[in-house]
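This is run.txt. It holds compact mmCIF, C-alpha atoms.
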# COMPACT_ATOMS: atom_id res chain seq x y z
CA MET K 59 -3.43 -23.66 -14.35
CA LYS K 60 -4.21 -25.63 -17.52
CA SER K 61 -6.24 -23.66 -20.03
CA ALA K 62 -8.11 -24.48 -23.22
CA LEU K 63 -9.47 -22.32 -26.01
CA ILE K 64 -13.15 -22.50 -26.93
CA LEU K 65 -14.06 -20.80 -30.23
CA ILE K 66 -17.82 -20.51 -30.49
CA ASP K 67 -19.89 -20.30 -33.68
CA ILE K 68 -17.44 -18.55 -35.98
CA GLN K 69 -19.50 -19.78 -38.90
CA ASN K 70 -20.17 -18.48 -42.40
CA ASP K 71 -23.76 -17.36 -41.78
CA TYR K 72 -22.48 -14.64 -39.40
CA PHE K 73 -20.23 -13.02 -42.04
CA PRO K 74 -21.15 -10.48 -44.74
CA GLY K 75 -23.52 -12.15 -47.19
CA GLY K 76 -24.53 -14.79 -44.63
CA ALA K 77 -28.05 -15.46 -43.41
CA MET K 78 -27.47 -13.69 -40.03
CA GLU K 79 -24.73 -11.11 -40.57
CA LEU K 80 -23.26 -9.71 -37.36
CA GLY K 81 -21.73 -6.29 -36.84
CA GLY K 82 -17.96 -6.56 -36.65
CA MET K 83 -17.77 -10.29 -37.36
CA THR K 84 -14.93 -10.00 -39.87
CA GLN K 85 -12.82 -8.02 -37.37
CA ALA K 86 -13.69 -10.36 -34.49
CA ALA K 87 -12.73 -13.38 -36.60
CA ALA K 88 -9.38 -11.80 -37.45
CA GLN K 89 -8.73 -11.38 -33.72
CA ALA K 90 -9.93 -14.93 -33.07
CA ARG K 91 -7.45 -16.18 -35.67
CA LYS K 92 -4.57 -14.47 -33.85
CA LEU K 93 -5.82 -15.98 -30.60
CA LEU K 94 -6.08 -19.40 -32.22
CA ASP K 95 -2.53 -19.12 -33.59
CA ALA K 96 -1.21 -18.17 -30.14
CA CYS K 97 -3.02 -21.07 -28.46
CA ARG K 98 -1.78 -23.49 -31.12
CA ALA K 99 1.77 -22.27 -30.57
CA ALA K 100 1.34 -22.69 -26.80
CA ARG K 101 -0.09 -26.21 -27.41
CA ARG K 102 -3.27 -25.49 -25.53
CA PRO K 103 -6.25 -27.78 -26.13
CA ILE K 104 -8.55 -26.20 -28.70
CA PHE K 105 -12.30 -26.71 -29.05
CA HIS K 106 -14.21 -25.42 -32.06
CA VAL K 107 -17.94 -25.14 -31.41
CA GLN K 108 -20.38 -25.33 -34.30
CA HIS K 109 -24.06 -24.54 -33.90
CA LEU K 110 -26.48 -26.56 -36.00
CA ALA K 111 -30.10 -25.41 -35.99
CA LEU K 112 -32.49 -28.34 -35.90
CA GLY K 113 -35.85 -26.58 -36.14
CA PRO K 114 -37.73 -26.82 -39.44
CA GLY K 115 -38.04 -23.02 -39.63
CA ALA K 116 -34.37 -22.29 -38.89
CA ALA K 117 -33.19 -19.18 -40.71
CA PHE K 118 -29.46 -19.86 -40.33
CA PHE K 119 -26.94 -22.57 -39.33
CA ARG K 120 -29.03 -25.17 -41.11
CA PRO K 121 -27.21 -28.53 -41.23
CA ASP K 122 -25.44 -29.41 -44.46
CA THR K 123 -25.32 -25.81 -45.70
CA ALA K 124 -22.29 -23.65 -46.43
CA GLY K 125 -23.58 -21.12 -43.90
CA ALA K 126 -23.26 -23.61 -41.06
CA GLU K 127 -19.62 -24.39 -41.84
CA ILE K 128 -16.85 -23.03 -39.63
CA HIS K 129 -15.34 -19.98 -41.32
CA GLU K 130 -12.13 -20.63 -43.24
CA SER K 131 -10.16 -18.20 -41.06
CA VAL K 132 -10.46 -20.47 -38.00
CA ARG K 133 -11.12 -23.95 -39.40
CA PRO K 134 -10.01 -26.79 -37.13
CA LEU K 135 -6.77 -28.57 -37.83
CA PRO K 136 -6.55 -32.35 -37.53
CA GLY K 137 -6.56 -33.23 -33.84
CA GLU K 138 -8.54 -30.17 -32.75
CA ALA K 139 -11.92 -30.99 -31.29
CA LEU K 140 -15.16 -30.03 -33.00
CA VAL K 141 -18.18 -29.80 -30.71
CA ARG K 142 -21.58 -29.61 -32.36
CA LYS K 143 -24.35 -27.97 -30.36
CA HIS K 144 -28.02 -27.16 -30.78
CA PHE K 145 -28.47 -24.68 -27.91
CA PRO K 146 -26.72 -21.41 -26.97
CA ASN K 147 -24.83 -23.07 -24.08
CA ALA K 148 -21.99 -25.13 -25.60
CA PHE K 149 -22.14 -27.50 -22.62
CA ARG K 150 -25.82 -28.42 -23.02
CA ASP K 151 -26.29 -31.88 -24.54
CA THR K 152 -22.66 -32.05 -25.72
CA GLY K 153 -19.61 -33.82 -24.32
CA LEU K 154 -17.68 -30.58 -23.81
CA LEU K 155 -17.71 -30.69 -20.00
CA GLU K 156 -16.48 -34.28 -19.82
CA VAL K 157 -13.69 -33.68 -22.33
CA LEU K 158 -12.49 -30.55 -20.53
CA GLN K 159 -12.56 -32.31 -17.17
CA GLY K 160 -10.84 -35.37 -18.67
CA THR K 161 -7.93 -33.28 -19.93
CA GLY K 162 -7.47 -31.53 -16.58
CA VAL K 163 -8.48 -28.09 -17.85
CA ASP K 164 -9.39 -25.59 -15.15
CA GLU K 165 -9.45 -22.38 -17.24
CA VAL K 166 -11.30 -21.69 -20.49
CA ILE K 167 -10.50 -18.92 -22.92
CA ILE K 168 -13.63 -17.99 -24.86
CA ALA K 169 -14.18 -16.09 -28.11
CA GLY K 170 -16.69 -16.07 -30.96
CA ALA K 171 -20.34 -15.21 -31.42
CA MET K 172 -22.86 -14.00 -30.46
CA SER K 173 -21.78 -12.01 -27.41
CA HIS K 174 -25.31 -11.73 -26.03
CA MET K 175 -26.27 -15.34 -26.65
CA CYS K 176 -23.77 -18.20 -26.95
CA ILE K 177 -20.75 -16.40 -25.48
CA ASP K 178 -22.84 -15.32 -22.49
CA ALA K 179 -24.55 -18.70 -21.97
CA THR K 180 -21.34 -20.73 -22.34
CA THR K 181 -19.28 -18.44 -20.11
CA ARG K 182 -21.85 -18.50 -17.32
CA ALA K 183 -22.15 -22.29 -17.56
CA ALA K 184 -18.36 -22.72 -17.53
CA PHE K 185 -18.17 -20.57 -14.41
CA ASP K 186 -20.95 -22.60 -12.76
CA PHE K 187 -19.01 -25.79 -13.57
CA GLY K 188 -16.01 -24.37 -11.71
CA PHE K 189 -13.81 -23.15 -14.55
CA THR K 190 -11.91 -19.90 -14.43
CA CYS K 191 -13.09 -17.99 -17.51
CA THR K 192 -11.38 -15.47 -19.75
CA VAL K 193 -13.35 -13.81 -22.54
CA ILE K 194 -11.44 -12.04 -25.32
CA HIS K 195 -13.85 -9.19 -25.98
CA ASP K 196 -12.46 -8.01 -29.31
CA ALA K 197 -12.60 -11.57 -30.67
CA CYS K 198 -16.39 -11.64 -30.14
CA ALA K 199 -19.24 -10.16 -32.17
CA THR K 200 -22.98 -9.67 -31.92
CA ARG K 201 -25.87 -7.90 -33.62
CA GLU K 202 -28.31 -5.14 -32.87
CA LEU K 203 -31.40 -6.00 -30.86
CA ALA K 204 -34.73 -4.33 -30.19
CA PHE K 205 -36.29 -3.71 -26.80
CA ALA K 206 -39.30 -1.61 -25.79
CA GLY K 207 -39.56 -0.14 -29.26
CA ARG K 208 -35.89 0.93 -29.34
CA THR K 209 -33.00 -0.36 -31.40
CA ILE K 210 -29.98 -1.27 -29.31
CA HIS K 211 -26.89 -1.08 -31.50
CA ALA K 212 -24.52 -4.03 -31.68
CA ALA K 213 -21.71 -2.14 -29.92
CA GLN K 214 -24.05 -1.37 -27.01
CA VAL K 215 -25.30 -4.96 -26.81
CA HIS K 216 -21.72 -6.22 -26.88
CA GLY K 217 -20.55 -3.73 -24.26
CA ALA K 218 -23.42 -4.49 -21.91
CA PHE K 219 -22.82 -8.23 -22.05
CA MET K 220 -19.04 -7.93 -21.68
CA ALA K 221 -19.55 -5.62 -18.68
CA ALA K 222 -21.99 -8.08 -17.11
CA LEU K 223 -19.68 -11.06 -17.62
CA GLY K 224 -16.78 -9.07 -16.24
CA MET K 225 -18.63 -8.36 -13.00
CA ARG K 226 -18.25 -11.94 -11.76
CA TYR K 227 -18.17 -14.62 -14.40
CA ALA K 228 -14.99 -13.89 -16.36
CA ARG K 229 -11.90 -11.85 -16.81
CA VAL K 230 -12.83 -9.85 -19.91
CA VAL K 231 -9.76 -8.60 -21.77
CA SER K 232 -8.61 -7.46 -25.19
CA LEU K 233 -6.54 -9.78 -27.35
CA LYS K 234 -3.56 -7.48 -26.92
CA ASP K 235 -3.76 -7.65 -23.13
CA PHE K 236 -4.27 -11.41 -23.21
CA LEU K 237 -1.29 -12.02 -25.50
CA GLY K 238 0.86 -9.76 -23.36
CA GLY K 239 0.28 -12.15 -20.49
CA LEU K 240 0.66 -15.37 -22.50
CA PRO K 241 3.61 -17.47 -21.29

Written as structure tokens, how would this file's structure read?
Amino acid sequence: MKSALILIDIQNDYFPGGAMELGGMTQAAAQARKLLDACRAARRPIFHVQHLALGPGAAFFRPDTAGAEIHESVRPLPGEALVRKHFPNAFRDTGLLEVLQGTGVDEVIIAGAMSHMCIDATTRAAFDFGFTCTVIHDACATRELAFAGRTIHAAQVHGAFMAALGMRYARVVSLKDFLGGLP
């Protein structure tokens, strides 16, 4: 099985001081960096996904801002692909599917942000396109949400989405468990 790493939206606006700070983003990025290092060492194809908000009222990830830049901890090296997207699903209106298929990839390893939005949408799409999916849960982050007048804490949002993905769409594992199985 040929696998590729997809790092989604690990961008400055999600970190402390950014326009859309996420709970646990610094820790998730540190785990993503270890994952990235392992995939580089294993010479897996690597795809960095960068969200750029196109709407005039966008509050974060505005093009040509420091907040939209990929965080320094996981910046692409020369030769690593950068996919720019404008929707939660990294496959929508991008060339990601064609590139993955062209390189013979049949498994994707996914990490990044936000668990309840772009990680969820991209993982489900990858599954629907026929890829085997692995999500590294402790290399992902999200934020608190509100529903029916209640605040749902980031850890609960994250847990609910990881549990849902793990039901059918992906193998959801910790970085430690993933690295233990890395050839």

Checklist entry - Suppose you want the space between CA of Ala100 in chain K and CA of Asn70 in chain K; what is it in Å? => result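 That distance, rounded to one decimal, is 26.9 Å.
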
Checklist entry - In Å, with one decimal, what is the gap from CA of Ser61 in chain K to CA of Thr190 in chain K? => result 8.8 Å

Checklist outcome for this item: CA of Ala212 in chain K to CA of Ala197 in chain K measures 14.1 Å

Next on the checklist: List the spatial neighbours of Arg120 in chain K as a list in words - criterion: any atom at most 12 Å away, only C-alpha atoms, same-chain residues fewer than 2 positions off excluded.
Outcome noted: Gln69, Asn70, Asp71, Gly76, Ala77, Met78, Gln108, His109, Leu110, Ala111, Leu112, Gly113, Pro114, Gly115, Ala116, Ala117, Phe118, Asp122, Thr123, Ala124, Gly125, Ala126, Glu127 and His144 of chain K

Next on the checklist: If we count only C-alpha atoms and set the cut-off at 9 Å, which residues sit around range 202-204 of chain K, ignoring sequence neighbours fewer than 2 positions away in its own chain? Please answer as a list in words.
Outcome noted: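 Residues meeting the cut-off are Leu80, Gly81, Thr200, Ala206, Gly207, Arg208, Thr209, Ile210, His211, Ala212, Ala213, Gln214, Val215 and His216 of chain K.
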
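Nearest residue to Met225 in chain K among K:Val157, K:Pro136, K:Arg182, K:Asp164 is K:Arg182, counting only C-alpha atoms.
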
Item to check | Distance criterion (all atoms listed in the file): nearest to Met220 in chain K out of K:Asp196, K:Asp67, K:Glu130, K:Asp151 | outcome: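 Closest candidate: K:Asp196.
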
Atoms are missing here; could range 176-187 of chain K be completed with all heavy atoms and written as a PDB file, keeping the file's coordinate frame?
ATOM      1  N   CYS K 176     -24.580 -17.014 -27.209  1.00  0.00           N
ATOM      2  CA  CYS K 176     -23.770 -18.200 -26.950  1.00  0.00           C
ATOM      3  C   CYS K 176     -22.519 -17.913 -26.133  1.00  0.00           C
ATOM      4  O   CYS K 176     -22.120 -18.748 -25.313  1.00  0.00           O
ATOM      5  CB  CYS K 176     -23.418 -18.883 -28.270  1.00  0.00           C
ATOM      6  SG  CYS K 176     -24.912 -19.398 -29.171  1.00  0.00           S
ATOM      7  N   ILE K 177     -21.898 -16.752 -26.314  1.00  0.00           N
ATOM      8  CA  ILE K 177     -20.750 -16.400 -25.480  1.00  0.00           C
ATOM      9  C   ILE K 177     -21.211 -16.244 -24.037  1.00  0.00           C
ATOM     10  O   ILE K 177     -20.603 -16.787 -23.110  1.00  0.00           O
ATOM     11  CB  ILE K 177     -20.070 -15.103 -25.985  1.00  0.00           C
ATOM     12  CG1 ILE K 177     -19.542 -15.283 -27.414  1.00  0.00           C
ATOM     13  CG2 ILE K 177     -18.958 -14.661 -25.033  1.00  0.00           C
ATOM     14  CD1 ILE K 177     -18.531 -16.382 -27.607  1.00  0.00           C
ATOM     15  N   ASP K 178     -22.291 -15.526 -23.832  1.00  0.00           N
ATOM     16  CA  ASP K 178     -22.840 -15.320 -22.490  1.00  0.00           C
ATOM     17  C   ASP K 178     -23.241 -16.656 -21.849  1.00  0.00           C
ATOM     18  O   ASP K 178     -22.816 -16.973 -20.735  1.00  0.00           O
ATOM     19  CB  ASP K 178     -24.042 -14.376 -22.564  1.00  0.00           C
ATOM     20  CG  ASP K 178     -24.636 -14.090 -21.208  1.00  0.00           C
ATOM     21  OD1 ASP K 178     -23.954 -13.467 -20.366  1.00  0.00           O
ATOM     22  OD2 ASP K 178     -25.794 -14.501 -20.975  1.00  0.00           O
ATOM     23  N   ALA K 179     -24.042 -17.442 -22.543  1.00  0.00           N
ATOM     24  CA  ALA K 179     -24.550 -18.700 -21.970  1.00  0.00           C
ATOM     25  C   ALA K 179     -23.412 -19.669 -21.654  1.00  0.00           C
ATOM     26  O   ALA K 179     -23.401 -20.304 -20.588  1.00  0.00           O
ATOM     27  CB  ALA K 179     -25.540 -19.354 -22.934  1.00  0.00           C
ATOM     28  N   THR K 180     -22.448 -19.792 -22.548  1.00  0.00           N
ATOM     29  CA  THR K 180     -21.340 -20.730 -22.340  1.00  0.00           C
ATOM     30  C   THR K 180     -20.424 -20.258 -21.223  1.00  0.00           C
ATOM     31  O   THR K 180     -19.979 -21.064 -20.398  1.00  0.00           O
ATOM     32  CB  THR K 180     -20.568 -20.937 -23.648  1.00  0.00           C
ATOM     33  OG1 THR K 180     -21.473 -21.463 -24.636  1.00  0.00           O
ATOM     34  CG2 THR K 180     -19.406 -21.890 -23.468  1.00  0.00           C
ATOM     35  N   THR K 181     -20.149 -18.963 -21.160  1.00  0.00           N
ATOM     36  CA  THR K 181     -19.280 -18.440 -20.110  1.00  0.00           C
ATOM     37  C   THR K 181     -19.905 -18.643 -18.735  1.00  0.00           C
ATOM     38  O   THR K 181     -19.240 -19.103 -17.792  1.00  0.00           O
ATOM     39  CB  THR K 181     -18.970 -16.944 -20.343  1.00  0.00           C
ATOM     40  OG1 THR K 181     -18.350 -16.798 -21.628  1.00  0.00           O
ATOM     41  CG2 THR K 181     -18.063 -16.385 -19.262  1.00  0.00           C
ATOM     42  N   ARG K 182     -21.172 -18.328 -18.611  1.00  0.00           N
ATOM     43  CA  ARG K 182     -21.850 -18.500 -17.320  1.00  0.00           C
ATOM     44  C   ARG K 182     -21.893 -19.975 -16.916  1.00  0.00           C
ATOM     45  O   ARG K 182     -21.691 -20.316 -15.746  1.00  0.00           O
ATOM     46  CB  ARG K 182     -23.243 -17.895 -17.366  1.00  0.00           C
ATOM     47  CG  ARG K 182     -23.221 -16.368 -17.425  1.00  0.00           C
ATOM     48  CD  ARG K 182     -24.610 -15.785 -17.694  1.00  0.00           C
ATOM     49  NE  ARG K 182     -24.552 -14.360 -17.917  1.00  0.00           N
ATOM     50  CZ  ARG K 182     -24.836 -13.445 -16.992  1.00  0.00           C
ATOM     51  NH1 ARG K 182     -25.188 -13.797 -15.783  1.00  0.00           N
ATOM     52  NH2 ARG K 182     -24.753 -12.165 -17.296  1.00  0.00           N
ATOM     53  N   ALA K 183     -22.135 -20.859 -17.865  1.00  0.00           N
ATOM     54  CA  ALA K 183     -22.150 -22.290 -17.560  1.00  0.00           C
ATOM     55  C   ALA K 183     -20.761 -22.760 -17.150  1.00  0.00           C
ATOM     56  O   ALA K 183     -20.623 -23.515 -16.177  1.00  0.00           O
ATOM     57  CB  ALA K 183     -22.649 -23.084 -18.769  1.00  0.00           C
ATOM     58  N   ALA K 184     -19.740 -22.325 -17.871  1.00  0.00           N
ATOM     59  CA  ALA K 184     -18.360 -22.720 -17.530  1.00  0.00           C
ATOM     60  C   ALA K 184     -18.025 -22.280 -16.108  1.00  0.00           C
ATOM     61  O   ALA K 184     -17.448 -23.047 -15.319  1.00  0.00           O
ATOM     62  CB  ALA K 184     -17.378 -22.123 -18.532  1.00  0.00           C
ATOM     63  N   PHE K 185     -18.389 -21.069 -15.765  1.00  0.00           N
ATOM     64  CA  PHE K 185     -18.170 -20.570 -14.410  1.00  0.00           C
ATOM     65  C   PHE K 185     -18.899 -21.445 -13.393  1.00  0.00           C
ATOM     66  O   PHE K 185     -18.333 -21.850 -12.374  1.00  0.00           O
ATOM     67  CB  PHE K 185     -18.643 -19.120 -14.309  1.00  0.00           C
ATOM     68  CG  PHE K 185     -18.561 -18.542 -12.934  1.00  0.00           C
ATOM     69  CD1 PHE K 185     -17.386 -17.973 -12.469  1.00  0.00           C
ATOM     70  CD2 PHE K 185     -19.658 -18.575 -12.086  1.00  0.00           C
ATOM     71  CE1 PHE K 185     -17.310 -17.439 -11.186  1.00  0.00           C
ATOM     72  CE2 PHE K 185     -19.592 -18.048 -10.801  1.00  0.00           C
ATOM     73  CZ  PHE K 185     -18.412 -17.479 -10.350  1.00  0.00           C
ATOM     74  N   ASP K 186     -20.162 -21.762 -13.674  1.00  0.00           N
ATOM     75  CA  ASP K 186     -20.950 -22.600 -12.760  1.00  0.00           C
ATOM     76  C   ASP K 186     -20.363 -24.000 -12.625  1.00  0.00           C
ATOM     77  O   ASP K 186     -20.514 -24.633 -11.578  1.00  0.00           O
ATOM     78  CB  ASP K 186     -22.401 -22.677 -13.218  1.00  0.00           C
ATOM     79  CG  ASP K 186     -23.161 -21.375 -12.973  1.00  0.00           C
ATOM     80  OD1 ASP K 186     -22.681 -20.512 -12.204  1.00  0.00           O
ATOM     81  OD2 ASP K 186     -24.248 -21.210 -13.566  1.00  0.00           O
ATOM     82  N   PHE K 187     -19.664 -24.482 -13.646  1.00  0.00           N
ATOM     83  CA  PHE K 187     -19.010 -25.790 -13.570  1.00  0.00           C
ATOM     84  C   PHE K 187     -17.648 -25.715 -12.882  1.00  0.00           C
ATOM     85  O   PHE K 187     -16.969 -26.731 -12.743  1.00  0.00           O
ATOM     86  CB  PHE K 187     -18.850 -26.402 -14.961  1.00  0.00           C
ATOM     87  CG  PHE K 187     -20.121 -26.963 -15.525  1.00  0.00           C
ATOM     88  CD1 PHE K 187     -20.551 -26.577 -16.790  1.00  0.00           C
ATOM     89  CD2 PHE K 187     -20.887 -27.878 -14.827  1.00  0.00           C
ATOM     90  CE1 PHE K 187     -21.722 -27.099 -17.333  1.00  0.00           C
ATOM     91  CE2 PHE K 187     -22.059 -28.407 -15.357  1.00  0.00           C
ATOM     92  CZ  PHE K 187     -22.475 -28.013 -16.612  1.00  0.00           C
TER      93      PHE K 187
END
